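**Q** Before I ask anything, let me first share the structure, which is written out below as structure tokens.
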Amino acid sequence: MGRKREALLPHRLGIDLGGTKMHAVVIDAKGHVLATARRATKPEDGYHAVLKRLNTTIGEVAEAANVSLKELPAIGLGMPGPIDEERGMVHVAPNLGWRDKKVARDLGELIKNTVILGNDVNYGALGEATYGAAAGAPSSFAAFVGTGLGGGIILNGHLLNGRHGFAGEFGHIPSPFGKTKCSCGLIGCLETYASKTGIIRLIIEAKATGTPCYLDFDKNEKPKSSQIRQAWKDDCPATNKAVRESCRALAWGLASVAAIVDPAVFILGGGIMEALGKDLLKLVRDDMSEFSLLYSREKPDVRLAELGDDAVAIGAAVASGDASEVPHD
Ligand SMILES: [Zn+2]
């Protein structure tokens, strides 16, 4: 611990850096979004070009919110990949093509302020726990279902990172559902079932074994979440089967998390979760009751995420506020 540094303003700025776009927010002391700014990432232009775009986007959102960067104790940046938080480094970020980059230092030099770097899924969980679906809950676990499956653990308002920033990464738990090869190289990881990619693969498999399917797509053009939602609403047999199986795998993963963390609230986020909506929550809760002794009598508290595309940037902003309590300089 060290000297306590005064934040000059209660506002906080966070930015979500993805492979295709960057998205920044400024929030006030109550977590209300005062301004947002977006820009394409264009990782193919190289590391320094992306840093410059981040700098421009940060400047833009600060100006829109009428905040000077000098008045903020730090800014938060959430990005994919395993992050070394102490050193402000990312080890590998495949969709940006970055390896061992000291992002906090390099961006900090450009914006002339401290940058707090963290994993995007963890920051999404922190955003939802602070101002979203689990606001006020003593503990929560947020699962984000997309191309892959990520998760973040929040205990007493604090993010649990673990030694490698890997805490909560339940997408790579070896699951008992099958032997599909995962993008990480291992066999049968949970995310090969519990993800949008998993749902699409299961739809293709169901179709191939003769289950009728109302979804029309070829292998090169993956269906959108909204199309899967429509097929699910229309009672498409292959889609229903795939969603049920995927959901069951997700519930198994959440029940496994419960056995270790026992969080008060579970949050489900990501485009496919939002598309399938509340219908899915009941399925997940029922399956969790089957997989967990904890929930055989009392159903788990499972909620849909509330912050949508702002979750990661808001979580990053929250994390930057923590920097005013524990100086990082
Ligand atoms: Zn894996």
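Ligands are numbered from 1 in the order shown, chains are lettered A, B, ... in the order of the structure tokens, and residues start at 1 in each chain.
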Tell me which protein, DNA and RNA residues are within 8 Å of Thr20 (chain A), counting only C-alpha atoms, leaving out same-chain ones fewer than 2 positions away, and put them as an mmCIF file with N, CA and C atoms, in the first residue's frame.
**A**
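To be explicit, this is the file written out as selection_39.cif:
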```cif
data_model
loop_
_atom_site.group_PDB
_atom_site.id
_atom_site.type_symbol
_atom_site.label_atom_id
_atom_site.label_comp_id
_atom_site.auth_asym_id
_atom_site.auth_seq_id
_atom_site.Cartn_x
_atom_site.Cartn_y
_atom_site.Cartn_z
ATOM 1 N N GLY A 18 -11.148 -4.547 -28.934
ATOM 2 C CA GLY A 18 -11.374 -5.864 -29.544
ATOM 3 C C GLY A 18 -10.634 -5.962 -30.873
ATOM 4 N N MET A 22 -12.856 -0.665 -31.222
ATOM 5 C CA MET A 22 -12.578 -0.195 -29.868
ATOM 6 C C MET A 22 -13.752 0.671 -29.446
ATOM 7 N N ALA A 40 -12.829 1.733 -35.568
ATOM 8 C CA ALA A 40 -12.350 0.418 -36.008
ATOM 9 C C ALA A 40 -10.937 0.212 -35.466
ATOM 10 N N THR A 41 -10.584 -1.018 -35.108
ATOM 11 C CA THR A 41 -9.257 -1.304 -34.549
ATOM 12 C C THR A 41 -8.190 -1.395 -35.645
ATOM 13 N N LYS A 42 -8.523 -2.053 -36.733
ATOM 14 C CA LYS A 42 -7.582 -2.299 -37.850
ATOM 15 C C LYS A 42 -6.229 -2.822 -37.361
ATOM 16 N N PRO A 43 -6.217 -3.996 -36.732
ATOM 17 C CA PRO A 43 -4.967 -4.531 -36.191
ATOM 18 C C PRO A 43 -3.908 -4.774 -37.269
#
```
**Q** Just the residues within 10 Å of region 306-309 of chain A, please, counting only C-alpha atoms, with nothing from its chain fewer than 5 positions along; format it as a list in words.
**A**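 The neighbour list is Asp16, His23, Gly124, Gly127, Glu128, Tyr131, Gly132, Ala133, Ala134, Ile267, Leu268, Gly269, Gly270, Gly271, Glu274 and Ile314 of chain A.
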**Q** Those same residues, written as a short mmCIF file (atom, residue, chain, number, x, y, z; two decimals), in the first residue's frame with N, CA and C atoms?
**A**
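result.cif written:
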```cif
data_model
loop_
_atom_site.label_atom_id
_atom_site.label_comp_id
_atom_site.auth_asym_id
_atom_site.auth_seq_id
_atom_site.Cartn_x
_atom_site.Cartn_y
_atom_site.Cartn_z
N ASP A 16 -12.72 -0.54 -24.29
CA ASP A 16 -12.77 -1.96 -24.62
C ASP A 16 -12.10 -2.12 -25.99
N HIS A 23 -14.09 0.61 -28.16
CA HIS A 23 -15.29 1.29 -27.66
C HIS A 23 -14.97 1.90 -26.30
N GLY A 124 -15.71 -7.13 -18.15
CA GLY A 124 -17.15 -7.25 -18.40
C GLY A 124 -17.87 -7.71 -17.13
N GLY A 127 -17.93 -4.85 -14.63
CA GLY A 127 -18.94 -3.87 -15.01
C GLY A 127 -20.33 -4.33 -14.59
N GLU A 128 -20.68 -5.57 -14.92
CA GLU A 128 -22.00 -6.10 -14.57
C GLU A 128 -22.18 -6.20 -13.06
N TYR A 131 -22.39 -2.12 -11.84
CA TYR A 131 -23.50 -1.27 -12.28
C TYR A 131 -24.55 -2.00 -13.12
N GLY A 132 -24.40 -3.30 -13.30
CA GLY A 132 -25.32 -4.03 -14.18
C GLY A 132 -26.17 -5.03 -13.43
N ALA A 133 -26.28 -6.25 -14.01
CA ALA A 133 -27.21 -7.27 -13.53
C ALA A 133 -26.96 -7.71 -12.09
N ALA A 134 -25.72 -7.61 -11.61
CA ALA A 134 -25.43 -8.09 -10.25
C ALA A 134 -25.10 -6.95 -9.30
N ILE A 267 -24.48 -14.38 -14.02
CA ILE A 267 -24.91 -13.49 -15.10
C ILE A 267 -24.54 -14.13 -16.43
N LEU A 268 -25.49 -14.11 -17.36
CA LEU A 268 -25.21 -14.63 -18.70
C LEU A 268 -25.21 -13.49 -19.70
N GLY A 269 -24.09 -13.32 -20.39
CA GLY A 269 -23.99 -12.25 -21.38
C GLY A 269 -23.49 -12.75 -22.72
N GLY A 270 -23.39 -11.85 -23.68
CA GLY A 270 -22.97 -12.21 -25.04
C GLY A 270 -24.16 -12.18 -25.97
N GLY A 271 -23.88 -11.93 -27.25
CA GLY A 271 -24.94 -11.74 -28.25
C GLY A 271 -25.94 -12.87 -28.32
N GLU A 274 -28.30 -12.82 -25.29
CA GLU A 274 -29.28 -11.74 -25.41
C GLU A 274 -30.34 -12.10 -26.44
N ILE A 314 -17.21 -0.20 -19.27
CA ILE A 314 -17.63 0.26 -17.94
C ILE A 314 -16.78 -0.43 -16.86
#
```
**Q** Closest to His158 (chain A) among A:Ile75, A:Leu126, A:Leu190, A:Ala275, using only C-alpha atoms?
**A** A:Leu126
**Q** Please, which residues have at least one atom within 6 Å of an atom of ligand 1, using only C-alpha atoms and all ligand atoms, listed as a VMD selection string?
**A** chain A and resid 172 182 to 184 186 189
**Q** Write out as a list in words which residues come within 8 Å of Asp301 (chain A) when counting only C-alpha atoms, dropping same-chain ones fewer than 6 positions away.
**A**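 My reading of the contact set: Ala264, Val265, Phe266 and Arg285 of chain A.
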**Q** Determine the nearest neighbour of Val25 (chain A) from the options A:Ser256, A:Thr57, A:Ser139, A:Ser292, counting only C-alpha atoms.
**A** A:Thr57
**Q** Would you mind telling me which residue in A:Gly198, A:Ile15, A:Gly150, A:Trp98 lies nearest to Thr56 (chain A) when using only C-alpha atoms?
**A**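 Among A:Gly198, A:Ile15, A:Gly150, A:Trp98, it is A:Ile15 that comes nearest to Thr56 (chain A).
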**Q** Give me, please, the distance in Å between CA of Gly171 (chain A) and CA of Glu205 (chain A), quoted to one decimal.
**A**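 According to the coordinates, CA of Gly171 (chain A) and CA of Glu205 (chain A) are separated by 21.0 Å.
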**Q** Would you give me, as JSON, numbers by chain, the residues in region 106-149 of chain A that DSSP reads as helix (DSSP H, G or I)?
**A** {"A": [106, 107, 108, 109, 110, 111, 120, 121, 122, 123, 124, 125, 126, 127, 128, 129, 130, 131]}
**Q** Could those selected residues go to a file with N, CA and C atoms, as a compact mmCIF listing (two decimals), in the first residue's frame?
**A**
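Dumped to again_13.txt:
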```
# COMPACT_ATOMS: atom_id res chain seq x y z
N ASP A 106 3.13 1.78 -22.95
CA ASP A 106 3.17 2.42 -24.27
C ASP A 106 1.99 3.37 -24.49
N LEU A 107 0.78 2.94 -24.08
CA LEU A 107 -0.38 3.82 -24.23
C LEU A 107 -0.30 4.96 -23.21
N GLY A 108 0.21 4.65 -22.02
CA GLY A 108 0.36 5.66 -20.97
C GLY A 108 1.24 6.82 -21.43
N GLU A 109 2.30 6.51 -22.18
CA GLU A 109 3.19 7.56 -22.70
C GLU A 109 2.45 8.46 -23.68
N LEU A 110 1.57 7.86 -24.47
CA LEU A 110 0.80 8.66 -25.46
C LEU A 110 -0.23 9.56 -24.78
N ILE A 111 -0.98 9.00 -23.84
CA ILE A 111 -2.07 9.80 -23.24
C ILE A 111 -1.60 10.60 -22.03
N ASP A 120 -10.56 -8.47 -20.99
CA ASP A 120 -11.89 -7.93 -21.32
C ASP A 120 -13.03 -8.69 -20.64
N VAL A 121 -12.95 -10.00 -20.59
CA VAL A 121 -14.04 -10.77 -19.96
C VAL A 121 -14.12 -10.43 -18.46
N ASN A 122 -12.96 -10.34 -17.82
CA ASN A 122 -12.94 -9.98 -16.40
C ASN A 122 -13.54 -8.59 -16.18
N TYR A 123 -13.21 -7.65 -17.07
CA TYR A 123 -13.76 -6.31 -16.93
C TYR A 123 -15.27 -6.29 -17.21
N GLY A 124 -15.71 -7.13 -18.15
CA GLY A 124 -17.15 -7.25 -18.40
C GLY A 124 -17.87 -7.71 -17.13
N ALA A 125 -17.26 -8.69 -16.46
CA ALA A 125 -17.84 -9.21 -15.20
C ALA A 125 -17.85 -8.12 -14.14
N LEU A 126 -16.78 -7.33 -14.07
CA LEU A 126 -16.68 -6.26 -13.08
C LEU A 126 -17.73 -5.17 -13.35
N GLY A 127 -17.93 -4.85 -14.63
CA GLY A 127 -18.94 -3.87 -15.01
C GLY A 127 -20.33 -4.33 -14.59
N GLU A 128 -20.68 -5.57 -14.92
CA GLU A 128 -22.00 -6.10 -14.57
C GLU A 128 -22.18 -6.20 -13.06
N ALA A 129 -21.10 -6.53 -12.35
CA ALA A 129 -21.19 -6.68 -10.89
C ALA A 129 -21.35 -5.32 -10.21
N THR A 130 -20.79 -4.26 -10.82
CA THR A 130 -20.81 -2.95 -10.18
C THR A 130 -22.06 -2.16 -10.55
N TYR A 131 -22.39 -2.12 -11.84
CA TYR A 131 -23.50 -1.27 -12.28
C TYR A 131 -24.55 -2.00 -13.12
```
**Q** I'd like the contact shell of Lys207 (chain A) - 12 Å cut-off, only C-alpha atoms, skipping same-chain residues fewer than 3 positions apart - returned as an NGL selection string.
**A** :A and (200-204 or 210-218 or 236-242)
**Q** Residues of region 82-328 of chain A classed as strand (DSSP E or B) by DSSP on the backbone are to be reported as an mmCIF file with N, CA, C and O atoms, in the first residue's frame.
**A**
```cif
data_model
loop_
_atom_site.group_PDB
_atom_site.id
_atom_site.type_symbol
_atom_site.label_atom_id
_atom_site.label_comp_id
_atom_site.auth_asym_id
_atom_site.auth_seq_id
_atom_site.Cartn_x
_atom_site.Cartn_y
_atom_site.Cartn_z
ATOM 1 N N ILE A 83 -3.469 -11.456 -19.317
ATOM 2 C CA ILE A 83 -2.840 -10.175 -19.015
ATOM 3 C C ILE A 83 -1.991 -10.296 -17.752
ATOM 4 O O ILE A 83 -2.442 -10.865 -16.758
ATOM 5 N N ASP A 84 -0.802 -9.756 -17.797
ATOM 6 C CA ASP A 84 0.005 -9.608 -16.587
ATOM 7 C C ASP A 84 -0.321 -8.218 -16.050
ATOM 8 O O ASP A 84 0.181 -7.218 -16.538
ATOM 9 N N MET A 89 1.038 -5.846 -19.061
ATOM 10 C CA MET A 89 1.473 -6.503 -20.302
ATOM 11 C C MET A 89 0.466 -7.521 -20.796
ATOM 12 O O MET A 89 -0.193 -8.173 -19.993
ATOM 13 N N VAL A 90 0.377 -7.655 -22.103
ATOM 14 C CA VAL A 90 -0.380 -8.775 -22.653
ATOM 15 C C VAL A 90 0.638 -9.761 -23.219
ATOM 16 O O VAL A 90 1.608 -9.360 -23.862
ATOM 17 N N HIS A 91 0.428 -11.044 -22.914
ATOM 18 C CA HIS A 91 1.370 -12.044 -23.416
ATOM 19 C C HIS A 91 1.038 -12.458 -24.846
ATOM 20 O O HIS A 91 1.876 -12.399 -25.722
ATOM 21 N N VAL A 92 -0.221 -12.864 -25.045
ATOM 22 C CA VAL A 92 -0.646 -13.242 -26.400
ATOM 23 C C VAL A 92 -2.052 -12.718 -26.643
ATOM 24 O O VAL A 92 -2.949 -12.978 -25.851
ATOM 25 N N ALA A 93 -2.251 -11.989 -27.717
ATOM 26 C CA ALA A 93 -3.592 -11.573 -28.135
ATOM 27 C C ALA A 93 -3.720 -11.917 -29.611
ATOM 28 O O ALA A 93 -3.430 -11.099 -30.485
ATOM 29 N N TRP A 98 -0.722 -9.531 -31.296
ATOM 30 C CA TRP A 98 0.243 -8.975 -30.350
ATOM 31 C C TRP A 98 0.849 -10.068 -29.475
ATOM 32 O O TRP A 98 0.164 -11.003 -29.073
ATOM 33 N N ARG A 99 2.129 -9.887 -29.171
ATOM 34 C CA ARG A 99 2.841 -10.802 -28.287
ATOM 35 C C ARG A 99 3.719 -10.002 -27.344
ATOM 36 O O ARG A 99 4.474 -9.136 -27.788
ATOM 37 N N ASP A 100 3.629 -10.275 -26.040
ATOM 38 C CA ASP A 100 4.481 -9.624 -25.036
ATOM 39 C C ASP A 100 4.593 -8.112 -25.230
ATOM 40 O O ASP A 100 5.690 -7.570 -25.350
ATOM 41 N N LYS A 101 3.459 -7.456 -25.279
ATOM 42 C CA LYS A 101 3.447 -5.993 -25.454
ATOM 43 C C LYS A 101 3.177 -5.310 -24.116
ATOM 44 O O LYS A 101 2.244 -5.698 -23.401
ATOM 45 N N VAL A 115 -2.321 3.904 -17.270
ATOM 46 C CA VAL A 115 -3.267 2.990 -17.898
ATOM 47 C C VAL A 115 -3.308 1.701 -17.080
ATOM 48 O O VAL A 115 -2.263 1.109 -16.794
ATOM 49 N N ILE A 116 -4.515 1.308 -16.694
ATOM 50 C CA ILE A 116 -4.699 0.051 -15.973
ATOM 51 C C ILE A 116 -5.192 -0.966 -16.993
ATOM 52 O O ILE A 116 -6.221 -0.764 -17.635
ATOM 53 N N LEU A 117 -4.442 -2.045 -17.152
ATOM 54 C CA LEU A 117 -4.746 -3.035 -18.188
ATOM 55 C C LEU A 117 -5.364 -4.281 -17.560
ATOM 56 O O LEU A 117 -4.899 -4.748 -16.523
ATOM 57 N N GLY A 118 -6.416 -4.805 -18.203
ATOM 58 C CA GLY A 118 -7.028 -6.038 -17.707
ATOM 59 C C GLY A 118 -7.662 -6.829 -18.834
ATOM 60 O O GLY A 118 -7.815 -6.339 -19.954
ATOM 61 N N ASN A 119 -8.037 -8.047 -18.513
ATOM 62 C CA ASN A 119 -8.693 -8.931 -19.482
ATOM 63 C C ASN A 119 -10.125 -8.459 -19.739
ATOM 64 O O ASN A 119 -10.839 -8.088 -18.806
ATOM 65 N N SER A 139 -21.498 -11.339 -4.291
ATOM 66 C CA SER A 139 -20.563 -12.065 -5.157
ATOM 67 C C SER A 139 -21.290 -12.462 -6.433
ATOM 68 O O SER A 139 -22.508 -12.626 -6.437
ATOM 69 N N SER A 140 -20.533 -12.590 -7.504
ATOM 70 C CA SER A 140 -21.169 -12.989 -8.763
ATOM 71 C C SER A 140 -20.170 -13.677 -9.687
ATOM 72 O O SER A 140 -18.961 -13.510 -9.548
ATOM 73 N N PHE A 141 -20.742 -14.429 -10.600
ATOM 74 C CA PHE A 141 -19.949 -15.041 -11.667
ATOM 75 C C PHE A 141 -20.631 -14.670 -12.972
ATOM 76 O O PHE A 141 -21.823 -14.904 -13.142
ATOM 77 N N ALA A 142 -19.898 -14.064 -13.887
ATOM 78 C CA ALA A 142 -20.474 -13.699 -15.183
ATOM 79 C C ALA A 142 -19.891 -14.572 -16.267
ATOM 80 O O ALA A 142 -18.673 -14.740 -16.350
ATOM 81 N N ALA A 143 -20.766 -15.143 -17.086
ATOM 82 C CA ALA A 143 -20.347 -15.968 -18.215
ATOM 83 C C ALA A 143 -20.681 -15.228 -19.494
ATOM 84 O O ALA A 143 -21.808 -14.751 -19.655
ATOM 85 N N PHE A 144 -19.708 -15.076 -20.385
ATOM 86 C CA PHE A 144 -19.956 -14.421 -21.667
ATOM 87 C C PHE A 144 -19.827 -15.447 -22.773
ATOM 88 O O PHE A 144 -18.777 -16.068 -22.950
ATOM 89 N N VAL A 145 -20.944 -15.645 -23.476
ATOM 90 C CA VAL A 145 -21.017 -16.679 -24.497
ATOM 91 C C VAL A 145 -20.936 -16.020 -25.870
ATOM 92 O O VAL A 145 -21.769 -15.182 -26.209
ATOM 93 N N LEU A 149 -16.145 -19.074 -24.868
ATOM 94 C CA LEU A 149 -16.870 -18.943 -23.599
ATOM 95 C C LEU A 149 -15.885 -18.434 -22.548
ATOM 96 O O LEU A 149 -14.858 -19.063 -22.302
ATOM 97 N N GLY A 150 -16.186 -17.280 -21.968
ATOM 98 C CA GLY A 150 -15.311 -16.731 -20.926
ATOM 99 C C GLY A 150 -16.102 -16.470 -19.669
ATOM 100 O O GLY A 150 -17.337 -16.421 -19.691
ATOM 101 N N GLY A 151 -15.395 -16.297 -18.563
ATOM 102 C CA GLY A 151 -16.087 -16.014 -17.309
ATOM 103 C C GLY A 151 -15.230 -15.177 -16.394
ATOM 104 O O GLY A 151 -14.001 -15.101 -16.558
ATOM 105 N N GLY A 152 -15.879 -14.494 -15.453
ATOM 106 C CA GLY A 152 -15.160 -13.681 -14.484
ATOM 107 C C GLY A 152 -15.807 -13.802 -13.115
ATOM 108 O O GLY A 152 -17.033 -13.914 -13.007
ATOM 109 N N ILE A 153 -14.954 -13.794 -12.087
ATOM 110 C CA ILE A 153 -15.419 -13.983 -10.707
ATOM 111 C C ILE A 153 -15.260 -12.673 -9.938
ATOM 112 O O ILE A 153 -14.166 -12.105 -9.923
ATOM 113 N N ILE A 154 -16.348 -12.208 -9.316
ATOM 114 C CA ILE A 154 -16.287 -11.003 -8.494
ATOM 115 C C ILE A 154 -16.660 -11.371 -7.066
ATOM 116 O O ILE A 154 -17.740 -11.921 -6.827
ATOM 117 N N LEU A 155 -15.757 -11.082 -6.124
ATOM 118 C CA LEU A 155 -16.030 -11.366 -4.719
ATOM 119 C C LEU A 155 -15.909 -10.055 -3.934
ATOM 120 O O LEU A 155 -14.882 -9.385 -4.017
ATOM 121 N N HIS A 158 -14.622 -7.093 -5.749
ATOM 122 C CA HIS A 158 -13.288 -7.182 -6.348
ATOM 123 C C HIS A 158 -13.173 -8.346 -7.306
ATOM 124 O O HIS A 158 -13.683 -9.433 -7.066
ATOM 125 N N LEU A 159 -12.462 -8.062 -8.366
ATOM 126 C CA LEU A 159 -12.214 -9.056 -9.386
ATOM 127 C C LEU A 159 -11.167 -10.049 -8.894
ATOM 128 O O LEU A 159 -10.158 -9.647 -8.327
ATOM 129 N N LEU A 160 -11.444 -11.332 -9.115
ATOM 130 C CA LEU A 160 -10.441 -12.344 -8.795
ATOM 131 C C LEU A 160 -9.679 -12.672 -10.072
ATOM 132 O O LEU A 160 -10.261 -13.177 -11.031
ATOM 133 N N PRO A 174 -12.115 -29.178 -19.037
ATOM 134 C CA PRO A 174 -12.397 -30.378 -19.847
ATOM 135 C C PRO A 174 -13.809 -30.883 -19.516
ATOM 136 O O PRO A 174 -14.096 -31.198 -18.370
ATOM 137 N N LYS A 181 -12.177 -30.937 -30.893
ATOM 138 C CA LYS A 181 -10.948 -30.179 -30.649
ATOM 139 C C LYS A 181 -11.262 -28.693 -30.465
ATOM 140 O O LYS A 181 -12.023 -28.109 -31.230
ATOM 141 N N ILE A 187 -8.665 -31.033 -26.126
ATOM 142 C CA ILE A 187 -9.808 -31.793 -26.629
ATOM 143 C C ILE A 187 -10.971 -31.688 -25.640
ATOM 144 O O ILE A 187 -10.798 -31.884 -24.439
ATOM 145 N N CYS A 189 -12.939 -29.170 -24.567
ATOM 146 C CA CYS A 189 -13.171 -28.024 -23.671
ATOM 147 C C CYS A 189 -14.657 -27.654 -23.680
ATOM 148 O O CYS A 189 -15.335 -27.804 -24.693
ATOM 149 N N VAL A 265 -24.913 -14.636 -7.418
ATOM 150 C CA VAL A 265 -25.615 -14.392 -8.680
ATOM 151 C C VAL A 265 -24.768 -14.892 -9.855
ATOM 152 O O VAL A 265 -23.546 -14.726 -9.858
ATOM 153 N N PHE A 266 -25.451 -15.490 -10.839
ATOM 154 C CA PHE A 266 -24.810 -15.841 -12.110
ATOM 155 C C PHE A 266 -25.361 -14.898 -13.185
ATOM 156 O O PHE A 266 -26.573 -14.664 -13.232
ATOM 157 N N ILE A 267 -24.479 -14.383 -14.024
ATOM 158 C CA ILE A 267 -24.913 -13.491 -15.101
ATOM 159 C C ILE A 267 -24.541 -14.134 -16.429
ATOM 160 O O ILE A 267 -23.434 -14.636 -16.587
ATOM 161 N N LEU A 268 -25.485 -14.107 -17.364
ATOM 162 C CA LEU A 268 -25.206 -14.634 -18.698
ATOM 163 C C LEU A 268 -25.209 -13.493 -19.704
ATOM 164 O O LEU A 268 -26.197 -12.778 -19.840
ATOM 165 N N GLY A 269 -24.092 -13.315 -20.394
ATOM 166 C CA GLY A 269 -23.990 -12.245 -21.380
ATOM 167 C C GLY A 269 -23.489 -12.749 -22.718
ATOM 168 O O GLY A 269 -23.207 -13.941 -22.888
ATOM 169 N N VAL A 302 -29.963 -16.829 -11.639
ATOM 170 C CA VAL A 302 -29.297 -16.630 -12.933
ATOM 171 C C VAL A 302 -29.990 -15.473 -13.655
ATOM 172 O O VAL A 302 -31.210 -15.479 -13.788
ATOM 173 N N ARG A 303 -29.221 -14.478 -14.074
ATOM 174 C CA ARG A 303 -29.795 -13.285 -14.710
ATOM 175 C C ARG A 303 -29.117 -12.992 -16.038
ATOM 176 O O ARG A 303 -27.960 -13.346 -16.225
ATOM 177 N N LEU A 304 -29.845 -12.302 -16.901
ATOM 178 C CA LEU A 304 -29.231 -11.853 -18.159
ATOM 179 C C LEU A 304 -28.418 -10.594 -17.897
ATOM 180 O O LEU A 304 -28.799 -9.753 -17.077
#
```
**Q** Taking only C-alpha atoms into account, name the residue in A:Ala49, A:Lys282, A:Gly157, A:Glu290 that is nearest to Asp322 (chain A).
**A**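 Closest residue, counting only C-alpha atoms: A:Gly157.
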**Q** Nearest residue to Val284 (chain A) out of A:Arg244, A:Arg163, A:Arg229, A:Lys224, using only C-alpha atoms?
**A**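 That would be A:Arg244, the residue with the smallest distance to Val284 (chain A).
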**Q** Compile the contact shell of Tyr193 (chain A) as a compact mmCIF listing (two decimals) with N, CA and C atoms, in the first residue's frame: residues with an atom at most 9 Å away, counting only C-alpha atoms, same-chain residues fewer than 3 positions apart removed.
**A**
```
# COMPACT_ATOMS: atom_id res chain seq x y z
N SER A 175 -14.69 -30.89 -20.50
CA SER A 175 -16.08 -31.27 -20.23
C SER A 175 -16.32 -32.73 -20.59
N PHE A 177 -18.74 -33.86 -22.38
CA PHE A 177 -19.76 -33.96 -23.43
C PHE A 177 -19.28 -34.53 -24.76
N GLY A 178 -17.97 -34.50 -25.00
CA GLY A 178 -17.52 -35.03 -26.28
C GLY A 178 -16.05 -34.77 -26.48
N THR A 180 -14.55 -32.96 -29.17
CA THR A 180 -14.26 -31.97 -30.23
C THR A 180 -13.00 -31.21 -29.88
N GLY A 188 -12.16 -31.39 -26.15
CA GLY A 188 -13.38 -31.46 -25.34
C GLY A 188 -13.60 -30.32 -24.36
N CYS A 189 -12.94 -29.17 -24.57
CA CYS A 189 -13.17 -28.02 -23.67
C CYS A 189 -14.66 -27.65 -23.68
N LEU A 190 -15.12 -27.12 -22.54
CA LEU A 190 -16.53 -26.75 -22.41
C LEU A 190 -17.00 -25.84 -23.53
N LYS A 196 -21.51 -19.89 -29.11
CA LYS A 196 -22.27 -19.77 -30.37
C LYS A 196 -21.68 -20.73 -31.40
N THR A 197 -20.35 -20.83 -31.43
CA THR A 197 -19.68 -21.76 -32.33
C THR A 197 -20.18 -23.18 -32.08
N GLY A 198 -20.31 -23.53 -30.80
CA GLY A 198 -20.79 -24.86 -30.42
C GLY A 198 -22.22 -25.09 -30.89
N ILE A 199 -23.08 -24.08 -30.72
CA ILE A 199 -24.48 -24.21 -31.15
C ILE A 199 -24.53 -24.47 -32.66
N ARG A 201 -22.20 -25.68 -34.63
CA ARG A 201 -21.68 -27.03 -34.94
C ARG A 201 -22.74 -28.09 -34.63
N LEU A 202 -23.44 -27.93 -33.50
CA LEU A 202 -24.46 -28.91 -33.11
C LEU A 202 -25.65 -28.88 -34.08
N GLU A 245 -28.71 -28.77 -26.01
CA GLU A 245 -27.44 -29.43 -25.66
C GLU A 245 -26.40 -28.42 -25.20
N SER A 246 -26.36 -27.29 -25.89
CA SER A 246 -25.39 -26.25 -25.56
C SER A 246 -25.67 -25.67 -24.17
N CYS A 247 -26.95 -25.46 -23.94
CA CYS A 247 -27.43 -24.93 -22.67
C CYS A 247 -27.09 -25.86 -21.51
N ARG A 248 -27.24 -27.14 -21.77
CA ARG A 248 -26.95 -28.15 -20.75
C ARG A 248 -25.46 -28.13 -20.41
N ALA A 249 -24.63 -27.99 -21.43
CA ALA A 249 -23.18 -27.90 -21.20
C ALA A 249 -22.85 -26.65 -20.39
N LEU A 250 -23.49 -25.53 -20.73
CA LEU A 250 -23.28 -24.29 -19.99
C LEU A 250 -23.68 -24.46 -18.52
```
**Q** So how many Å separate CA of Val318 (chain A) and CA of Gly76 (chain A), to one decimal?
**A** 7.6 Å
**Q** In Å, rounded to a single decimal, give me how far CA of Asn113 (chain A) is from CA of Ala74 (chain A).
**A**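 Result for CA of Ala74 (chain A) versus CA of Asn113 (chain A): 5.9 Å, one decimal.
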